[in-house]
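final_13.cif follows (mmCIF, C-alpha atoms):
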data_model
#
loop_
_atom_site.label_atom_id
_atom_site.label_comp_id
_atom_site.auth_asym_id
_atom_site.auth_seq_id
_atom_site.Cartn_x
_atom_site.Cartn_y
_atom_site.Cartn_z
CA MET A 1 60.52 -61.07 -10.09
CA HIS A 2 60.89 -59.17 -13.30
CA GLU A 3 64.26 -60.42 -14.55
CA LEU A 4 62.55 -61.68 -17.69
CA PRO A 5 61.32 -58.40 -19.23
CA VAL A 6 64.54 -56.64 -18.22
CA THR A 7 66.78 -59.29 -19.77
CA GLU A 8 64.53 -59.44 -22.84
CA ASN A 9 65.14 -55.75 -23.39
CA ILE A 10 68.89 -56.14 -22.84
CA LEU A 11 68.98 -58.84 -25.52
CA LYS A 12 66.88 -56.76 -27.94
CA ILE A 13 69.16 -53.72 -27.59
CA VAL A 14 72.33 -55.85 -27.83
CA GLN A 15 71.07 -57.61 -30.97
CA LYS A 16 70.34 -54.23 -32.58
CA HIS A 17 73.88 -52.99 -31.91
CA ALA A 18 75.39 -56.34 -32.97
CA GLU A 19 73.64 -56.08 -36.32
CA LYS A 20 74.64 -52.44 -36.80
CA ASN A 21 78.30 -53.28 -36.12
CA THR A 22 78.24 -56.62 -38.00
CA VAL A 23 79.74 -58.70 -35.21
CA ARG A 24 79.98 -62.47 -35.10
CA ARG A 25 79.60 -62.99 -31.37
CA VAL A 26 78.96 -60.83 -28.31
CA VAL A 27 81.44 -61.60 -25.54
CA SER A 28 80.32 -59.35 -22.70
CA ILE A 29 77.78 -56.64 -21.91
CA THR A 30 78.47 -53.95 -19.31
CA LEU A 31 75.46 -52.69 -17.38
CA ASP A 32 74.74 -50.04 -14.75
CA VAL A 33 72.01 -51.22 -12.38
CA GLY A 34 70.85 -48.97 -9.55
CA ALA A 35 71.05 -50.31 -6.02
CA MET A 36 67.29 -49.72 -5.63
CA SER A 37 66.75 -52.67 -7.98
CA ASP A 38 65.83 -56.02 -6.44
CA LEU A 39 67.25 -57.97 -9.37
CA GLU A 40 70.04 -60.39 -8.54
CA ASP A 41 73.09 -60.57 -10.80
CA GLU A 42 73.02 -64.36 -10.85
CA TRP A 43 69.39 -64.52 -11.98
CA MET A 44 69.84 -61.83 -14.62
CA GLN A 45 72.67 -63.90 -16.11
CA HIS A 46 70.57 -67.05 -15.86
CA TYR A 47 67.62 -65.50 -17.71
CA PHE A 48 69.95 -63.93 -20.25
CA ASP A 49 71.62 -67.28 -20.96
CA TYR A 50 68.19 -68.81 -21.51
CA LEU A 51 66.89 -66.06 -23.79
CA SER A 52 70.06 -65.61 -25.81
CA ARG A 53 70.38 -69.23 -26.96
CA ASN A 54 70.97 -69.43 -30.70
CA THR A 55 71.48 -65.67 -30.96
CA VAL A 56 74.60 -63.59 -31.56
CA ALA A 57 74.72 -62.98 -27.77
CA GLU A 58 74.73 -66.63 -26.73
CA GLY A 59 77.32 -67.15 -24.00
CA ALA A 60 77.86 -63.42 -23.40
CA ARG A 61 78.75 -62.45 -19.83
CA LEU A 62 76.82 -59.69 -18.07
CA ILE A 63 79.17 -57.36 -16.20
CA ILE A 64 76.88 -55.60 -13.74
CA HIS A 65 77.96 -52.42 -11.97
CA ARG A 66 75.75 -51.49 -9.04
CA VAL A 67 75.17 -47.76 -8.89
CA PRO A 68 74.85 -46.53 -5.29
CA ILE A 69 71.69 -44.88 -4.02
CA VAL A 70 72.23 -41.13 -3.69
CA LEU A 71 69.76 -38.93 -1.86
CA ARG A 72 69.77 -35.14 -1.91
CA CYS A 73 68.62 -33.28 1.17
CA ASN A 74 66.01 -30.71 0.11
CA ASN A 75 66.84 -28.71 3.21
CA CYS A 76 70.62 -28.13 2.80
CA GLU A 77 71.14 -29.44 -0.79
CA LYS A 78 73.79 -31.91 0.36
CA ALA A 79 73.90 -35.21 -1.58
CA PHE A 80 74.76 -38.40 0.27
CA GLU A 81 75.02 -42.14 -0.44
CA ILE A 82 72.94 -44.63 1.47
CA GLU A 83 72.33 -48.39 1.60
CA LYS A 84 68.95 -49.63 0.41
CA ASP A 85 67.83 -51.01 3.77
CA GLU A 86 68.76 -47.74 5.50
CA ILE A 87 66.85 -45.45 3.18
CA GLY A 88 63.68 -45.32 5.30
CA ARG A 89 65.57 -44.31 8.42
CA SER A 90 68.09 -41.99 6.80
CA ARG A 91 69.26 -38.69 8.25
CA CYS A 92 71.15 -35.94 6.41
CA PRO A 93 74.83 -36.24 7.42
CA ASP A 94 75.22 -32.49 7.01
CA CYS A 95 72.23 -30.73 8.55
CA GLY A 96 70.66 -33.68 10.39
CA ALA A 97 67.28 -33.37 8.62
CA GLU A 98 65.24 -36.55 9.05
CA GLY A 99 63.21 -36.29 5.89
CA ASN A 100 62.50 -34.42 2.71
CA PHE A 101 65.10 -36.06 0.46
CA SER A 102 65.06 -36.49 -3.32
CA LEU A 103 66.33 -39.66 -4.97
CA GLU A 104 69.21 -38.55 -7.23
CA SER A 105 70.52 -41.93 -8.27
CA GLY A 106 69.88 -45.63 -7.72
CA ARG A 107 67.15 -46.56 -10.21
CA GLN A 108 69.33 -47.06 -13.30
CA TYR A 109 68.92 -49.84 -15.85
CA TYR A 110 71.48 -48.86 -18.43
CA ILE A 111 73.70 -50.60 -20.99
CA ARG A 112 77.06 -48.89 -21.19
CA GLU A 113 78.89 -50.99 -23.76
CA MET A 114 79.51 -54.44 -25.11
CA GLN A 115 82.52 -56.39 -26.27
CA ALA A 116 82.15 -58.42 -29.43
CA GLU A 117 84.17 -60.17 -32.07
CA MET B 1 92.74 -64.91 -34.11
CA SER B 2 89.78 -63.26 -32.57
CA ASP B 3 89.50 -59.54 -32.80
CA ILE B 4 87.51 -58.17 -29.86
CA LYS B 5 86.00 -54.75 -30.30
CA LEU B 6 84.31 -52.45 -27.85
CA ILE B 7 80.93 -51.11 -28.90
CA GLU B 8 79.40 -48.18 -27.04
CA VAL B 9 75.72 -48.88 -26.46
CA LYS B 10 74.59 -46.15 -24.04
CA GLU B 11 70.92 -47.12 -23.89
CA GLU B 12 68.35 -47.23 -21.11
CA ILE B 13 67.10 -50.80 -20.79
CA LEU B 14 63.51 -49.89 -19.91
CA SER B 15 63.27 -46.92 -22.27
CA ASP B 16 60.70 -48.73 -24.45
CA ASN B 17 58.24 -48.97 -21.58
CA ASP B 18 59.00 -45.47 -20.28
CA ALA B 19 58.36 -43.96 -23.72
CA ALA B 20 55.15 -45.97 -24.16
CA ALA B 21 53.98 -44.84 -20.71
CA ARG B 22 54.60 -41.16 -21.55
CA GLU B 23 52.72 -41.55 -24.82
CA LEU B 24 49.82 -43.21 -23.00
CA ARG B 25 49.62 -40.33 -20.49
CA GLU B 26 49.42 -37.86 -23.37
CA THR B 27 46.57 -39.85 -24.92
CA LEU B 28 44.74 -39.98 -21.57
CA GLY B 29 45.08 -36.21 -21.29
CA LYS B 30 43.35 -35.78 -24.65
CA GLU B 31 40.68 -38.37 -23.79
CA LYS B 32 40.20 -36.78 -20.36
CA THR B 33 40.39 -40.15 -18.64
CA PHE B 34 42.02 -40.16 -15.20
CA VAL B 35 43.83 -43.47 -14.60
CA VAL B 36 44.86 -44.59 -11.11
CA ASN B 37 47.23 -47.51 -10.62
CA LEU B 38 46.52 -49.37 -7.36
CA MET B 39 49.36 -51.48 -6.00
CA SER B 40 49.63 -53.62 -2.87
CA SER B 41 50.58 -57.00 -1.46
CA PRO B 42 48.03 -59.78 -1.92
CA GLY B 43 45.51 -59.57 0.91
CA ALA B 44 45.92 -55.85 1.67
CA GLY B 45 42.26 -55.30 0.83
CA LYS B 46 42.66 -53.78 -2.63
CA THR B 47 39.40 -55.15 -4.03
CA THR B 48 37.35 -54.16 -0.95
CA LEU B 49 38.85 -50.66 -1.02
CA LEU B 50 38.12 -50.40 -4.73
CA LEU B 51 34.49 -51.51 -4.27
CA GLN B 52 33.96 -48.89 -1.52
CA THR B 53 35.65 -46.22 -3.64
CA ILE B 54 33.42 -47.06 -6.60
CA ALA B 55 30.32 -46.91 -4.38
CA ALA B 56 31.32 -43.42 -3.18
CA LEU B 57 32.11 -41.98 -6.62
CA LYS B 58 30.05 -43.80 -9.24
CA ASP B 59 27.10 -41.40 -9.15
CA ARG B 60 29.36 -38.49 -10.12
CA PHE B 61 32.03 -40.12 -12.29
CA ARG B 62 31.86 -42.70 -15.06
CA ILE B 63 34.14 -45.39 -13.64
CA GLY B 64 35.87 -48.33 -15.30
CA VAL B 65 38.27 -50.93 -13.91
CA ILE B 66 41.16 -52.92 -15.34
CA GLU B 67 41.64 -56.01 -13.22
CA ALA B 68 45.00 -57.76 -13.36
CA ASP B 69 44.80 -60.17 -10.49
CA ILE B 70 46.64 -63.33 -11.51
CA ASP B 71 44.42 -65.95 -13.17
CA SER B 72 41.32 -65.12 -11.21
CA MET B 73 37.92 -64.02 -12.39
CA VAL B 74 36.62 -63.57 -8.85
CA ASP B 75 37.66 -59.95 -8.40
CA ALA B 76 36.38 -58.93 -11.85
CA GLU B 77 32.99 -60.45 -11.04
CA LYS B 78 32.79 -58.53 -7.76
CA ILE B 79 33.58 -55.30 -9.61
CA ARG B 80 30.95 -55.93 -12.30
CA ASN B 81 28.41 -56.72 -9.61
CA ALA B 82 29.13 -53.24 -8.22
CA GLY B 83 27.72 -51.87 -11.47
CA VAL B 84 30.81 -50.62 -13.26
CA ALA B 85 32.58 -51.82 -16.41
CA CYS B 86 35.54 -54.09 -15.83
CA VAL B 87 38.12 -55.67 -18.11
CA GLN B 88 40.06 -58.67 -16.86
CA LEU B 89 43.62 -58.85 -18.16
CA LYS B 90 45.05 -62.32 -18.65
CA THR B 91 48.41 -61.84 -16.97
CA GLY B 92 49.22 -65.53 -16.40
CA GLY B 93 52.23 -65.71 -14.14
CA PHE B 94 53.39 -62.16 -14.79
CA CYS B 95 54.59 -60.26 -11.75
CA HIS B 96 53.64 -56.75 -12.89
CA LEU B 97 51.77 -54.75 -15.53
CA ASP B 98 53.57 -52.61 -18.06
CA SER B 99 52.21 -49.75 -20.14
CA ARG B 100 51.63 -51.98 -23.19
CA MET B 101 49.32 -54.26 -21.18
CA VAL B 102 47.51 -51.26 -19.69
CA LYS B 103 47.05 -49.77 -23.15
CA GLN B 104 45.41 -53.01 -24.31
CA GLY B 105 43.18 -53.00 -21.23
CA LEU B 106 42.13 -49.39 -21.84
CA ALA B 107 41.30 -50.17 -25.45
CA ALA B 108 39.20 -53.20 -24.43
CA LEU B 109 37.37 -51.04 -21.90
CA ASP B 110 36.85 -48.20 -24.42
CA SER B 111 38.52 -45.77 -22.03
CA PRO B 112 37.36 -42.44 -23.60
CA ALA B 113 33.88 -43.33 -22.26
CA PHE B 114 35.13 -43.07 -18.66
CA ASP B 115 36.19 -40.26 -16.30
CA ILE B 116 38.15 -42.52 -13.96
CA VAL B 117 39.76 -45.89 -14.65
CA PHE B 118 41.26 -47.84 -11.76
CA ILE B 119 43.94 -50.42 -12.49
CA GLU B 120 44.11 -53.17 -9.93
CA ASN B 121 47.75 -54.13 -10.41
CA ILE B 122 49.16 -57.55 -9.56
CA GLY B 123 49.59 -58.11 -5.81
CA ASN B 124 53.31 -57.58 -5.33
CA LEU B 125 55.38 -54.77 -3.75
CA VAL B 126 58.53 -55.30 -5.84
CA CYS B 127 57.98 -55.59 -9.58
CA PRO B 128 55.09 -53.15 -10.20
CA ALA B 129 57.27 -50.36 -8.75
CA GLU B 130 59.78 -50.70 -11.60
CA PHE B 131 57.35 -50.47 -14.49
CA ASP B 132 55.56 -47.25 -15.36
CA THR B 133 52.03 -48.27 -16.36
CA GLY B 134 51.20 -44.92 -17.94
CA ALA B 135 48.75 -44.16 -15.11
CA ILE B 136 48.23 -40.54 -14.07
CA LYS B 137 48.51 -41.33 -10.35
CA ASN B 138 49.98 -44.26 -8.46
CA ALA B 139 48.54 -45.30 -5.14
CA MET B 140 49.61 -48.09 -2.87
CA ILE B 141 47.64 -49.83 -0.18
CA LEU B 142 49.33 -51.09 2.97
CA SER B 143 47.27 -52.99 5.50
CA VAL B 144 47.90 -52.82 9.24
CA PRO B 145 48.70 -56.56 9.64
CA GLU B 146 51.62 -56.15 7.19
CA GLY B 147 53.52 -53.98 9.67
CA ASP B 148 54.86 -50.42 9.87
CA ASP B 149 58.33 -51.43 8.62
CA LYS B 150 57.32 -52.13 5.01
CA PRO B 151 58.82 -48.86 3.65
CA LEU B 152 62.23 -50.13 4.83
CA LYS B 153 61.82 -53.37 2.90
CA TYR B 154 60.20 -52.01 -0.27
CA PRO B 155 61.57 -48.46 -0.59
CA LEU B 156 61.06 -48.21 -4.35
CA MET B 157 57.32 -48.91 -4.13
CA PHE B 158 56.93 -46.29 -1.40
CA SER B 159 59.00 -43.73 -3.26
CA THR B 160 57.18 -44.07 -6.61
CA SER B 161 53.60 -43.79 -5.32
CA ASP B 162 51.66 -40.53 -5.03
CA ALA B 163 49.37 -41.76 -2.27
CA LEU B 164 49.41 -44.36 0.47
CA VAL B 165 46.22 -45.83 1.85
CA ILE B 166 46.77 -47.45 5.23
CA ASN B 167 43.95 -49.98 5.28
CA LYS B 168 42.43 -52.16 8.03
CA THR B 169 42.80 -49.47 10.71
CA ASP B 170 40.04 -51.37 12.54
CA MET B 171 42.82 -53.86 13.38
CA LEU B 172 45.18 -51.28 14.94
CA SER B 173 44.21 -52.22 18.50
CA LEU B 174 45.17 -55.83 17.78
CA SER B 175 48.67 -55.07 16.53
CA ASP B 176 51.81 -53.11 17.42
CA PHE B 177 51.60 -51.16 14.13
CA ASP B 178 52.68 -47.59 14.91
CA ILE B 179 51.34 -45.03 12.42
CA ASP B 180 53.85 -42.40 13.62
CA ILE B 181 56.77 -44.74 12.88
CA LEU B 182 55.31 -45.34 9.42
CA ARG B 183 54.90 -41.58 8.88
CA GLY B 184 58.57 -41.14 9.83
CA HIS B 185 59.71 -43.65 7.20
CA ILE B 186 57.47 -42.04 4.56
CA GLY B 187 58.76 -38.56 5.41
CA ARG B 188 62.26 -39.72 4.52
CA LEU B 189 61.36 -41.71 1.41
CA ASN B 190 58.62 -39.65 -0.17
CA PRO B 191 57.71 -36.46 1.71
CA GLY B 192 55.09 -35.46 -0.87
CA MET B 193 53.11 -38.68 -0.46
CA GLN B 194 49.45 -38.30 0.54
CA LEU B 195 48.53 -40.54 3.48
CA PHE B 196 45.04 -41.84 4.20
CA GLU B 197 44.12 -43.98 7.21
CA VAL B 198 41.07 -46.04 6.37
CA SER B 199 39.12 -49.14 7.14
CA ALA B 200 37.49 -50.16 3.88
CA LYS B 201 35.53 -52.69 5.93
CA THR B 202 33.90 -50.25 8.38
CA GLY B 203 34.10 -47.23 6.07
CA GLU B 204 36.09 -45.20 8.61
CA GLY B 205 38.35 -42.58 6.97
CA MET B 206 37.20 -43.49 3.45
CA GLU B 207 35.85 -40.03 2.61
CA GLY B 208 39.35 -38.46 2.77
CA TRP B 209 40.61 -40.93 0.17
CA THR B 210 37.59 -40.77 -2.13
CA GLN B 211 37.58 -36.96 -1.89
CA TRP B 212 41.26 -36.92 -2.96
CA ILE B 213 40.57 -39.22 -5.93
CA GLY B 214 37.57 -37.06 -6.92
CA GLU B 215 39.60 -33.85 -6.70
CA GLN B 216 42.58 -35.24 -8.63
CA ALA B 217 40.26 -36.60 -11.32
CA SER B 218 38.38 -33.28 -11.55
CA VAL B 219 41.65 -31.35 -11.97
CA PHE B 220 42.86 -33.77 -14.63
CA ILE B 221 39.70 -33.85 -16.72
CA GLY B 222 39.30 -30.10 -16.38
CA HIS B 223 35.95 -29.77 -14.67
CA ASN B 224 34.74 -30.47 -11.18
CA LEU B 225 32.41 -33.46 -10.97
CA LEU B 226 32.53 -33.68 -7.18
#
Kindly return the structure encoded in the file as structure tokens.
Amino acid sequence: MHELPVTENILKIVQKHAEKNTVRRVVSITLDVGAMSDLEDEWMQHYFDYLSRNTVAEGARLIIHRVPIVLRCNNCEKAFEIEKDEIGRSRCPDCGAEGNFSLESGRQYYIREMQAE
Amino acid sequence: MSDIKLIEVKEEILSDNDAAARELRETLGKEKTFVVNLMSSPGAGKTTLLLQTIAALKDRFRIGVIEADIDSMVDAEKIRNAGVACVQLKTGGFCHLDSRMVKQGLAALDSPAFDIVFIENIGNLVCPAEFDTGAIKNAMILSVPEGDDKPLKYPLMFSTSDALVINKTDMLSLSDFDIDILRGHIGRLNPGMQLFEVSAKTGEGMEGWTQWIGEQASVFIGHNLL
């Protein structure tokens, strides 16, 4: 799994903002992660704890918001939410189309904010 | 007394790789080198398919290969024996390639000297789907023994690829793999995806796939070499 490069980037971005804002310690980091991602919250935290040792972000908690998968029907333009394991057998709730959807949301890897002291 | 403050970050976590991938695609456009990223599970027949594809196209296109199979020189040797240039990336235990690694591979290969470069990505249907390699086209290979339900289990991989090669069709009679069921899943996930049914072993259906690669490469490099 690719928790390592993702958490490495989180740490790099957090360190940059910590320096810019001259903080002593990062307490928490709030993330948006799309539901298409296979990364597990527990493992992201685990890798982050490992990588952030002896940095300003040591001990920081990752607060991970899962962003639902949203498909848009290219037939009737209706957007609808769907679970990851249902995406291959989805059907438009509005017009009943069985295909031709665009992925509107669900692939995010985004840092919203962090709390620091 | 601790004074907790809220800092707005508002940054994409993978923006570094995405930006590097975009930059790489621009460079490839100037070099006129068409790069195809091949992704699959281990054992789907990626190397055999690649060898057959090279055999079909190497008289008309200058072909190079970036091999990223984990800690193995076997595949790279097979490719070199087929008479094309091949660079083996040392990926250790990495689960995917990113655009930085591909850029290094292209530099080692001297990519401007080639019309088509194939990347044999690491055998894995999860991680490579998340990381843009900078390739011009992404293709995935699914072999019949893996089953027709794979799009339900790995939707991201199926939704980020431009083409799907269904390999080992010579084994269809031995399995309950239903190509129509697979087509149904693909229609929902990625309606624009090109589908090719092939047996790289017997050669059946291969010309559709190699023709598509040849056409896409010709369009990208701006003159028809087919």
Legend entry - Contacts of segment 38-50 of chain A at 7 Å (all atoms listed in the file; same-chain gap of 2+ positions) as a list in words: Glu3, Leu4, Thr7, Met36, Ser52, Arg53, Glu58, Gly59, Leu62 and Ile64 of chain A
Pull C-alpha atoms from the residues just selected and write them as a short mmCIF file (atom, residue, chain, number, x, y, z; two decimals), keeping the file's coordinate frame.
data_model
loop_
_atom_site.label_atom_id
_atom_site.label_comp_id
_atom_site.auth_asym_id
_atom_site.auth_seq_id
_atom_site.Cartn_x
_atom_site.Cartn_y
_atom_site.Cartn_z
CA GLU A 3 64.26 -60.42 -14.55
CA LEU A 4 62.55 -61.68 -17.69
CA THR A 7 66.78 -59.29 -19.77
CA MET A 36 67.29 -49.72 -5.63
CA SER A 52 70.06 -65.61 -25.81
CA ARG A 53 70.38 -69.23 -26.96
CA GLU A 58 74.73 -66.63 -26.73
CA GLY A 59 77.32 -67.15 -24.00
CA LEU A 62 76.82 -59.69 -18.07
CA ILE A 64 76.88 -55.60 -13.74
#
Considering only C-alpha atoms, give me a table of residues in segment 87-188 of chain B that are at most 12 Å from segment 5-18 of chain B, with the closest atom pair and distance in Å for each, as CSV.
residue,atom,partner,partner_atom,distance
B:Leu97,CA,B:Asn17,CA,10.6
B:Asp98,CA,B:Asn17,CA,6.9
B:Ser99,CA,B:Asn17,CA,6.2
B:Arg100,CA,B:Asn17,CA,7.4
B:Met101,CA,B:Asn17,CA,10.4
B:Val102,CA,B:Asn17,CA,11.1
B:Lys103,CA,B:Asn17,CA,11.3
B:Glu130,CA,B:Leu14,CA,9.1
B:Phe131,CA,B:Asn17,CA,7.3
B:Asp132,CA,B:Asp18,CA,6.3
B:Thr133,CA,B:Asn17,CA,8.1
B:Gly134,CA,B:Asp18,CA,8.2
B:Ala135,CA,B:Asp18,CA,11.6
Inset, instruction - Return the neighbours of chain B among the residues of chain A, cut-off 9 Å, counting all atoms listed in the file, as a ChimeraX atom specification. - result: /A:1-2,5-7,9-10,13-14,17-18,21,23,27,36-38,84-91,98-103,107-117
Would you translate the PyMOL selection byres ((chain B and resi 57) around 12) into the concrete set of residues it matches in this file, as a tab-separated table (two decimals) with C-alpha atoms, in the coordinates of the input?
chain	number	residue	atom	x	y	z
B	50	LEU	CA	38.12	-50.40	-4.73
B	51	LEU	CA	34.49	-51.51	-4.27
B	52	GLN	CA	33.96	-48.89	-1.52
B	53	THR	CA	35.65	-46.22	-3.64
B	54	ILE	CA	33.42	-47.06	-6.60
B	55	ALA	CA	30.32	-46.91	-4.38
B	56	ALA	CA	31.32	-43.42	-3.18
B	58	LYS	CA	30.05	-43.80	-9.24
B	59	ASP	CA	27.10	-41.40	-9.15
B	60	ARG	CA	29.36	-38.49	-10.12
B	61	PHE	CA	32.03	-40.12	-12.29
B	62	ARG	CA	31.86	-42.70	-15.06
B	63	ILE	CA	34.14	-45.39	-13.64
B	64	GLY	CA	35.87	-48.33	-15.30
B	82	ALA	CA	29.13	-53.24	-8.22
B	83	GLY	CA	27.72	-51.87	-11.47
B	84	VAL	CA	30.81	-50.62	-13.26
B	115	ASP	CA	36.19	-40.26	-16.30
B	116	ILE	CA	38.15	-42.52	-13.96
B	117	VAL	CA	39.76	-45.89	-14.65
B	206	MET	CA	37.20	-43.49	3.45
B	207	GLU	CA	35.85	-40.03	2.61
B	209	TRP	CA	40.61	-40.93	0.17
B	210	THR	CA	37.59	-40.77	-2.13
B	211	GLN	CA	37.58	-36.96	-1.89
B	212	TRP	CA	41.26	-36.92	-2.96
B	213	ILE	CA	40.57	-39.22	-5.93
B	214	GLY	CA	37.57	-37.06	-6.92
B	215	GLU	CA	39.60	-33.85	-6.70
B	217	ALA	CA	40.26	-36.60	-11.32
B	218	SER	CA	38.38	-33.28	-11.55
B	225	LEU	CA	32.41	-33.46	-10.97
B	226	LEU	CA	32.53	-33.68	-7.18
Might I get the box with edges along x, y and z of the file that holds all atoms of segment 117-126 of chain B listed there, padded by 3 Å on every side, given as centre and edge lengths in Å to one decimal, as JSON?
{"center_x": 49.1, "center_y": -52.0, "center_z": -9.2, "size_x": 24.8, "size_y": 18.2, "size_z": 16.9}
Legend entry - For atom CA of Thr47 of chain B and atom CA of Glu120 of chain B, the interatomic separation in Å (one decimal):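 Those two atoms sit 7.8 Å apart.
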Inset, instruction - Skip Cys95 of chain A itself and residues of its chain fewer than 6 positions away, then list as a PyMOL selection string all residues within 12 Å of it, counting all atoms listed in the file. - result: chain A and resi 72-80
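Considering the residues B:Arg25, B:Leu109, B:Met193, B:Asp180 and counting only C-alpha atoms, Met157 of chain B has its shortest atom-to-atom contact with B:Met193.
The spacing separating atom CA of Ile221 of chain B from atom CA of Phe34 of chain B amounts to 6.9 Å.
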